[in-house]
>>> print(open('work38.cif').read())   # mmCIF, C-alpha atoms
data_upload
#
loop_
_atom_site.label_atom_id
_atom_site.label_comp_id
_atom_site.auth_asym_id
_atom_site.auth_seq_id
_atom_site.Cartn_x
_atom_site.Cartn_y
_atom_site.Cartn_z
CA MET B 22 118.68 134.89 72.92
CA LYS B 23 116.49 131.97 71.89
CA ILE B 24 116.56 128.78 73.95
CA LYS B 25 115.84 125.52 72.09
CA ASP B 26 114.25 123.61 74.98
CA LYS B 27 112.29 125.76 77.40
CA ASN B 28 111.48 122.69 79.51
CA LYS B 29 115.05 122.72 80.83
CA LEU B 30 115.66 126.47 80.94
CA VAL B 31 116.44 128.02 84.33
CA VAL B 32 116.57 131.82 84.40
CA SER B 33 118.06 133.79 87.29
CA VAL B 34 116.98 137.39 87.79
CA ALA B 35 119.86 139.82 88.41
CA TYR B 36 119.41 143.31 89.84
CA ASP B 37 121.41 146.26 91.08
CA ARG B 38 123.16 145.50 94.42
CA LEU B 39 122.88 141.80 93.68
CA GLY B 40 123.86 139.35 96.44
CA ALA B 41 126.90 137.62 94.91
CA PHE B 42 126.77 134.55 97.15
CA GLU B 43 123.15 133.68 96.41
CA PHE B 44 123.66 134.30 92.69
CA GLY B 45 126.83 132.22 92.75
CA CYS B 46 124.94 129.30 94.29
CA VAL B 47 122.38 129.46 91.47
CA THR B 48 125.04 129.38 88.77
CA GLU B 49 126.92 126.58 90.54
CA ILE B 50 123.83 124.37 90.54
CA PHE B 51 122.27 125.14 87.17
CA ASP B 52 124.93 126.64 84.89
CA LEU B 53 127.88 124.35 85.59
CA GLN B 54 127.96 121.52 83.07
CA ARG B 55 128.01 118.02 84.54
CA PRO B 56 128.90 115.45 81.83
CA GLU B 57 129.68 112.85 84.50
CA LEU B 58 125.98 112.60 85.34
CA ASP B 59 125.05 111.43 81.83
CA VAL B 60 121.77 113.37 81.84
CA ASP B 61 120.45 116.20 79.71
CA TRP B 62 121.35 118.96 82.16
CA TYR B 63 119.63 122.31 82.54
CA ARG B 64 120.11 125.25 80.24
CA PHE B 65 120.79 128.49 82.07
CA ALA B 66 120.34 132.20 81.41
CA VAL B 67 120.48 135.47 83.36
CA CYS B 68 118.21 138.45 82.88
CA SER B 69 118.26 141.94 84.35
CA ALA B 70 115.43 143.32 86.43
CA GLU B 71 116.48 146.80 85.28
CA GLY B 72 118.57 148.17 82.46
CA GLY B 73 122.15 149.37 82.41
CA SER B 74 125.21 148.49 84.42
CA LEU B 75 124.53 146.61 87.65
CA ARG B 76 126.47 146.31 90.89
CA ALA B 77 126.98 143.23 93.03
CA SER B 78 128.32 142.83 96.55
CA GLY B 79 132.07 143.22 96.76
CA GLY B 80 132.14 146.15 94.35
CA ILE B 81 131.64 144.06 91.22
CA ARG B 82 130.04 145.74 88.20
CA PHE B 83 128.39 143.68 85.47
CA GLU B 84 125.75 143.64 82.75
CA ALA B 85 123.18 140.88 82.39
CA PRO B 86 122.99 139.44 78.85
CA ASN B 87 119.18 139.30 78.64
CA GLY B 88 116.15 141.44 79.34
CA LEU B 89 113.02 140.33 81.16
CA GLU B 90 111.50 138.97 77.96
CA ILE B 91 113.54 135.77 78.30
CA LEU B 92 111.35 134.86 81.27
CA ASP B 93 108.70 133.98 78.67
CA GLN B 94 110.82 130.95 77.76
CA ALA B 95 111.71 129.80 81.27
CA HIS B 96 110.69 126.56 82.93
CA THR B 97 112.13 127.72 86.27
CA ILE B 98 112.77 131.27 87.50
CA ILE B 99 115.09 131.93 90.44
CA ILE B 100 115.09 135.17 92.46
CA PRO B 101 118.46 135.14 94.31
CA GLY B 102 117.67 137.62 97.07
CA TRP B 103 116.48 141.22 96.88
CA ARG B 104 118.29 144.39 97.86
CA ASP B 105 115.65 145.78 100.25
CA PRO B 106 112.54 143.99 101.58
CA ASP B 107 110.83 147.39 101.93
CA GLU B 108 111.40 148.32 98.27
CA PRO B 109 108.87 147.03 95.73
CA PRO B 110 110.58 145.46 92.71
CA PRO B 111 110.15 147.14 89.31
CA ASP B 112 106.63 146.93 87.89
CA ALA B 113 107.92 145.24 84.73
CA LEU B 114 109.45 142.44 86.79
CA GLN B 115 106.27 142.00 88.81
CA ASP B 116 104.20 141.81 85.62
CA GLN B 117 106.55 139.22 84.10
CA LEU B 118 106.45 137.08 87.24
CA ARG B 119 102.66 137.17 87.40
CA ALA B 120 102.45 136.19 83.72
CA ALA B 121 104.98 133.40 84.22
CA TYR B 122 102.99 132.06 87.16
CA ALA B 123 99.81 132.10 85.07
CA ARG B 124 101.62 130.00 82.42
CA GLY B 125 102.62 127.41 85.02
CA THR B 126 106.29 128.39 85.29
CA ARG B 127 108.06 127.20 88.43
CA ILE B 128 109.23 130.21 90.48
CA CYS B 129 111.73 130.05 93.36
CA SER B 130 113.33 132.56 95.72
CA ILE B 131 116.36 132.57 97.98
CA CYS B 132 116.53 134.61 101.19
CA SER B 133 115.01 138.10 100.76
CA GLY B 134 114.02 137.19 97.21
CA ALA B 135 110.73 136.02 98.72
CA PHE B 136 109.80 139.71 99.07
CA VAL B 137 109.88 140.06 95.29
CA LEU B 138 107.23 137.35 95.10
CA ALA B 139 105.32 138.87 98.02
CA TRP B 140 105.20 142.34 96.43
CA SER B 141 103.99 140.67 93.21
CA GLY B 142 101.11 139.04 95.07
CA LEU B 143 102.28 135.53 94.20
CA LEU B 144 102.53 134.41 97.84
CA ASP B 145 99.06 135.54 98.91
CA GLY B 146 97.39 132.69 100.80
CA LYS B 147 100.45 130.46 100.36
CA ARG B 148 103.05 128.96 102.68
CA ALA B 149 106.45 130.62 102.37
CA THR B 150 109.68 131.37 104.19
CA THR B 151 112.58 133.79 104.07
CA HIS B 152 115.66 134.55 106.17
CA TRP B 153 114.79 134.44 109.88
CA ARG B 154 115.81 138.11 110.21
CA PHE B 155 112.96 139.06 107.87
CA THR B 156 110.17 136.68 108.85
CA ASP B 157 108.51 139.11 111.30
CA LYS B 158 108.68 141.88 108.69
CA MET B 159 107.03 139.62 106.14
CA LYS B 160 104.26 138.68 108.57
CA ARG B 161 103.54 142.33 109.32
CA ARG B 162 103.67 143.67 105.78
CA PHE B 163 102.02 140.70 104.06
CA PRO B 164 99.59 139.17 106.58
CA SER B 165 97.94 136.92 103.97
CA ILE B 166 101.16 134.89 103.61
CA GLN B 167 101.51 131.81 105.83
CA VAL B 168 105.09 132.49 106.93
CA GLU B 169 106.98 129.41 108.17
CA ALA B 170 109.69 131.13 110.14
CA ASP B 171 111.66 128.01 111.08
CA SER B 172 111.76 126.23 107.71
CA LEU B 173 114.84 125.96 105.52
CA TYR B 174 112.62 126.04 102.46
CA VAL B 175 108.95 125.65 101.64
CA ASP B 176 107.52 123.81 98.66
CA ALA B 177 104.12 125.33 97.94
CA GLY B 178 103.80 123.53 94.61
CA GLN B 179 104.56 125.90 91.75
CA ILE B 180 106.34 128.35 94.06
CA LEU B 181 109.26 127.47 96.35
CA THR B 182 110.88 129.83 98.84
CA SER B 183 114.03 129.31 100.88
CA ALA B 184 115.66 130.88 103.90
CA GLY B 185 118.96 132.72 103.93
CA SER B 186 121.89 132.01 101.65
CA ALA B 187 122.98 128.39 102.13
CA ALA B 188 119.37 127.22 102.54
CA GLY B 189 119.03 128.12 98.87
CA LEU B 190 121.43 125.28 98.10
CA ASP B 191 119.15 122.89 99.98
CA MET B 192 116.15 124.11 97.98
CA MET B 193 117.98 123.87 94.66
CA LEU B 194 119.27 120.36 95.42
CA TYR B 195 115.66 119.52 96.22
CA LEU B 196 114.69 120.80 92.76
CA VAL B 197 117.41 118.66 91.17
CA ALA B 198 116.07 115.64 93.07
CA ARG B 199 112.56 116.39 91.82
CA ASP B 200 113.77 116.74 88.23
CA TYR B 201 116.41 114.00 88.03
CA GLY B 202 116.05 111.86 91.15
CA SER B 203 117.85 111.77 94.47
CA ARG B 204 120.90 109.88 93.13
CA VAL B 205 121.73 112.72 90.75
CA ALA B 206 121.06 115.31 93.47
CA ASN B 207 123.37 113.48 95.85
CA ARG B 208 126.15 113.40 93.26
CA VAL B 209 125.75 117.14 92.71
CA ALA B 210 125.95 117.64 96.48
CA GLN B 211 129.08 115.50 96.59
CA ARG B 212 130.73 117.64 93.93
CA LEU B 213 129.78 120.74 95.93
CA ILE B 214 131.28 119.06 99.01
CA VAL B 215 128.08 119.58 100.99
CA PRO B 216 125.85 116.98 102.66
CA PRO B 217 122.88 115.59 100.71
CA HIS B 218 120.07 118.14 100.76
CA ARG B 219 118.29 118.72 104.02
CA GLU B 220 114.53 118.46 104.21
CA GLY B 221 112.79 121.83 104.22
CA GLY B 222 111.23 121.46 107.66
CA GLN B 223 114.54 121.62 109.52
CA ALA B 224 115.44 124.64 111.61
CA GLN B 225 117.17 127.63 109.98
CA PHE B 226 119.75 128.08 112.71
CA VAL B 227 121.06 126.60 115.95
CA SER B 228 119.70 128.70 118.79
CA ARG B 229 122.52 127.75 121.16
CA PRO B 230 125.88 126.41 119.92
CA MET B 231 126.85 123.01 121.28
CA PRO B 232 130.24 122.41 122.92
CA ALA B 233 132.76 121.03 120.42
CA ASP B 234 132.89 117.60 122.06
CA GLU B 235 129.12 117.16 122.08
CA SER B 236 128.85 118.43 118.51
CA GLY B 237 131.51 115.95 117.39
CA ARG B 238 129.75 113.05 119.08
CA LEU B 239 126.45 113.94 117.47
CA SER B 240 128.07 114.32 114.05
CA ARG B 241 129.71 110.89 114.33
CA LEU B 242 126.42 109.38 115.46
CA ILE B 243 124.56 110.89 112.49
CA ASP B 244 127.17 109.51 110.08
CA TRP B 245 126.82 106.07 111.66
CA ILE B 246 123.01 106.11 111.51
CA ARG B 247 123.09 106.98 107.81
CA GLN B 248 125.23 103.90 107.21
CA HIS B 249 122.88 101.68 109.24
CA LEU B 250 119.37 102.90 108.42
CA GLY B 251 118.11 99.33 108.11
CA HIS B 252 118.87 98.58 111.74
CA PRO B 253 116.25 99.06 114.45
CA HIS B 254 116.97 102.22 116.45
CA THR B 255 115.56 103.73 119.62
CA VAL B 256 116.45 106.92 121.43
CA ALA B 257 117.93 104.78 124.20
CA SER B 258 120.12 102.73 121.84
CA LEU B 259 121.33 105.82 119.97
CA ALA B 260 122.04 107.67 123.21
CA ASP B 261 124.03 104.69 124.45
CA ARG B 262 126.06 104.58 121.24
CA ALA B 263 126.84 108.32 121.51
CA ALA B 264 127.63 108.04 125.22
CA MET B 265 124.92 110.57 126.07
CA SER B 266 121.79 110.47 128.12
CA PRO B 267 118.54 110.11 126.11
CA ARG B 268 117.51 113.58 127.26
CA THR B 269 120.78 115.14 126.06
CA LEU B 270 120.52 113.32 122.72
CA GLN B 271 117.00 114.60 122.11
CA ARG B 272 117.98 118.13 123.05
CA GLN B 273 121.00 118.12 120.75
CA PHE B 274 119.08 116.70 117.81
CA ARG B 275 116.46 119.40 118.23
CA GLU B 276 119.07 122.17 118.49
CA SER B 277 121.10 120.88 115.55
CA THR B 278 118.39 119.88 113.09
CA GLY B 279 115.14 121.29 114.42
CA LEU B 280 113.80 117.73 114.55
CA SER B 281 113.48 115.00 117.13
CA PRO B 282 115.73 111.94 116.62
CA TYR B 283 112.68 109.93 115.56
CA GLU B 284 111.51 112.43 112.93
CA TRP B 285 115.06 112.93 111.63
CA LEU B 286 115.47 109.17 111.32
CA LEU B 287 112.19 108.86 109.40
CA GLN B 288 113.27 111.57 106.97
CA GLU B 289 116.60 109.82 106.37
CA ARG B 290 114.80 106.53 105.78
CA VAL B 291 112.45 108.14 103.29
CA ALA B 292 115.45 109.71 101.51
CA LEU B 293 117.00 106.25 101.15
CA ALA B 294 113.67 104.81 100.02
CA LYS B 295 113.54 107.43 97.26
CA GLN B 296 116.90 106.26 95.94
CA LEU B 297 115.72 102.65 95.98
CA LEU B 298 112.45 103.54 94.25
CA GLU B 299 114.49 105.11 91.48
CA THR B 300 116.05 101.71 90.78
CA PRO B 301 113.75 99.65 88.55
CA HIS B 302 112.49 96.27 89.76
CA VAL B 303 113.44 96.67 93.43
CA PRO B 304 110.43 95.22 95.33
CA ILE B 305 108.67 97.30 97.95
CA ALA B 306 109.41 94.63 100.56
CA ALA B 307 113.14 94.95 99.90
CA ILE B 308 112.92 98.75 100.13
CA CYS B 309 111.14 98.48 103.49
CA GLU B 310 113.87 96.20 104.81
CA GLN B 311 116.84 98.21 103.56
CA ALA B 312 115.37 101.53 104.72
CA GLY B 313 114.46 100.17 108.14
CA PHE B 314 110.67 100.36 108.03
CA GLY B 315 109.01 97.66 110.09
CA SER B 316 106.18 97.05 107.64
CA GLU B 317 104.89 98.09 104.24
CA GLU B 318 102.02 99.88 105.93
CA SER B 319 104.42 101.95 108.02
CA PHE B 320 106.58 102.62 104.99
CA ARG B 321 103.67 103.85 102.84
CA HIS B 322 102.30 105.99 105.66
CA HIS B 323 105.55 107.79 106.45
CA PHE B 324 106.63 108.09 102.81
CA ARG B 325 103.36 109.78 101.85
CA ARG B 326 103.50 112.06 104.91
CA ILE B 327 107.07 113.23 104.28
CA ALA B 328 107.33 113.07 100.46
CA ARG B 329 103.70 114.17 99.96
CA VAL B 330 103.23 111.51 97.33
CA SER B 331 102.75 107.75 97.44
CA PRO B 332 105.74 105.44 96.79
CA SER B 333 104.14 104.12 93.61
CA SER B 334 103.49 107.65 92.29
CA TYR B 335 107.06 108.66 93.11
CA ARG B 336 108.44 105.65 91.25
CA ARG B 337 106.23 106.26 88.20
CA ALA B 338 107.21 109.94 88.07
CA PHE B 339 110.92 109.19 88.32
CA LEU B 340 110.87 106.42 85.70
CA GLN B 341 108.96 108.73 83.36
CA THR B 342 111.65 111.36 83.89
CA GLN B 343 114.32 108.80 83.07
CA ASP B 344 112.50 107.86 79.87
CA ASP B 345 112.45 111.54 78.90
CA VAL B 346 116.18 111.86 79.58
CA ALA B 347 116.90 108.76 77.49
CA GLU B 348 114.85 110.18 74.60
CA ASP B 349 116.70 113.50 74.83
CA ALA B 350 120.06 111.73 74.79
CA ALA B 351 119.09 109.68 71.73
CA ALA B 352 117.78 112.71 69.82
#
>>> encode(input="work38.cif", output="structure tokens")
Amino acid sequence: MKIKDKNKLVVSVAYDRLGAFEFGCVTEIFDLQRPELDVDWYRFAVCSAEGGSLRASGGIRFEAPNGLEILDQAHTIIIPGWRDPDEPPPDALQDQLRAAYARGTRICSICSGAFVLAWSGLLDGKRATTHWRFTDKMKRRFPSIQVEADSLYVDAGQILTSAGSAAGLDMMLYLVARDYGSRVANRVAQRLIVPPHREGGQAQFVSRPMPADESGRLSRLIDWIRQHLGHPHTVASLADRAAMSPRTLQRQFRESTGLSPYEWLLQERVALAKQLLETPHVPIAAICEQAGFGSEESFRHHFRRIARVSPSSYRRAFLQTQDDVAEDAAA
């Protein structure tokens, strides 16, 4: 199988005892065609980590259409889980992943798939995460990895790792936002009927479930804040609106998102700012006002801290991507 444009090719690695949910999430994001977006969408392929008939969860049997050699053409490689964190992946797969990394290929893992990258040595000295059930095992077996046990996903540059199952969707929506902008990522999320992607630093799980009434009040408050990001907000004003005490509000935000109300609000404001930066000719002053930043200095500081790039660099990168998409469409 020869792919015309390797710059858009995403390859998922399949293996015996494949996790069907994680693999299904990958195909939903990258293989499903999306003509309504009016962009040159990804090309997608699947390769087998080992020959012959493969099994997936639920008793499914299948054969992958490609061998590992197709990884030579990939722009992005996805490892959707791994059958056993204690089992090293096949040597041929490890060799291919190391060669792909040396070429500059983007490599991502979901859940226990991070162990494939760990066994290959690609996470040595890097920040990474995996499902919370496996984080202690990863720390013990691979002490050179900087394991972020509470993160939904970790962007270490060329390599991205995500926590269990659904956190892979957050990571992949993040990739879509990087490649096509947050507006496109949000429309993909809408079609999936999931919220816009969560930032990677949020907690993997709620340590103590909230009562239904409190959870409902917090959910309604979050929806309201997202519709009024330009308004000034304080913990006291938000607590009053939710009919909670400030202490209860802070506790619930932390339990639900892993973030304080203030940090969550900043991340939502930066997410809105990204959308506005993707719109040509919108002045920085207008973005500050609509996103609720009190000053340009505050806006630039928090945007760089959270997005890890300056607003001007983000805008240039996105507009360049749009130019590329327009050229592809005209070709």
>>> resolve_selection(input="work38.cif", expression="the PyMOL selection byres ((chain B and resi 237-251) around 9)", output="list in words")
Pro232, Ala233, Asp234, Glu235, Ser236, His252, Pro253, His254, Leu259, Arg262, Ala263, Ala264, Met265, Leu270, Gln273, Phe274, Ser277, Leu286, Glu289, Arg290, Leu293, Cys309, Glu310, Gln311, Ala312, Gly313 and Phe314 of chain B
>>> resolve_selection(input="work38.cif", expression="the PyMOL selection byres ((chain B and resi 146-158) around 6)", output="compact mmCIF listing (two decimals) with C-alpha atoms, keeping the file's coordinate frame")
# COMPACT_ATOMS: atom_id res chain seq x y z
CA CYS B 132 116.53 134.61 101.19
CA SER B 133 115.01 138.10 100.76
CA LEU B 144 102.53 134.41 97.84
CA ASP B 145 99.06 135.54 98.91
CA MET B 159 107.03 139.62 106.14
CA LYS B 160 104.26 138.68 108.57
CA ARG B 161 103.54 142.33 109.32
CA SER B 165 97.94 136.92 103.97
CA ILE B 166 101.16 134.89 103.61
CA GLN B 167 101.51 131.81 105.83
CA VAL B 168 105.09 132.49 106.93
CA GLU B 169 106.98 129.41 108.17
CA ALA B 170 109.69 131.13 110.14
CA VAL B 175 108.95 125.65 101.64
CA THR B 182 110.88 129.83 98.84
CA SER B 183 114.03 129.31 100.88
CA ALA B 184 115.66 130.88 103.90
CA GLY B 185 118.96 132.72 103.93
>>> atom_distance(input="work38.cif", atom1="atom CA of Leu114 of chain B", atom2="atom CA of Tyr63 of chain B")
23.0 Å
>>> residues_around(input="work38.cif", residues="segment 126-128 of chain B", least_positions_apart="4", cutoff="6 Å", atoms="all atoms listed in the file", output="number ranges by chain")
B: 96-98, 121-122, 179-180
>>> atom_distance(input="work38.cif", atom1="atom CA of Ala187 of chain B", atom2="atom CA of Gln94 of chain B")
27.4 Å
>>> atom_distance(input="work38.cif", atom1="atom CA of Cys46 of chain B", atom2="atom CA of Ala206 of chain B")
14.5 Å
>>> closest_atom_pairs(input="work38.cif", of="segment 148-189 of chain B", to="segment 324-329 of chain B", cutoff="12 Å", atoms="all atoms listed in the file", output="tab-separated table")
residue	atom	partner	partner_atom	distance
B:Asp176	CA	B:Arg329	CA	10.5
B:Ala177	CA	B:Arg329	CA	11.3
B:Gly178	CA	B:Arg329	CA	10.8
>>> closest_residue(input="work38.cif", among="B:Val34, B:Ala257, B:Ile100, B:Ala292", to="Glu71 of chain B", atoms="all atoms listed in the file")
B:Val34
>>> closest_residue(input="work38.cif", among="B:Ala120, B:Leu297, B:Ala35, B:Ala41", to="Glu84 of chain B", atoms="only C-alpha atoms")
B:Ala35
>>> residues_near_point(input="work38.cif", point="(117.4, 111.8, 92.7)", cutoff="10 Å", atoms="all atoms listed in the file", output="list of chain:residue names")
B:Leu194, B:Tyr195, B:Leu196, B:Val197, B:Ala198, B:Arg199, B:Asp200, B:Tyr201, B:Gly202, B:Ser203, B:Arg204, B:Val205, B:Ala206, B:Asn207, B:Arg208, B:Val209, B:Ala292, B:Lys295, B:Gln296, B:Leu297, B:Leu298, B:Glu299, B:Phe339
>>> residues_near_point(input="work38.cif", point="(117.8, 128.3, 96.5)", cutoff="8 Å", atoms="only C-alpha atoms", output="JSON, numbers by chain")
{"B": [43, 46, 47, 99, 101, 129, 130, 131, 132, 182, 183, 186, 187, 188, 189, 190, 191, 192, 193]}
>>> closest_residue(input="work38.cif", among="B:Asp37, B:Ser258, B:Phe42, B:Glu317", to="Ser74 of chain B", atoms="all atoms listed in the file")
B:Asp37
>>> resolve_selection(input="work38.cif", expression="the PyMOL selection byres ((chain B and resi 65) around 6)", output="list of chain:residue names")
B:Leu30, B:Val31, B:Val32, B:Asp52, B:Arg64, B:Ala66
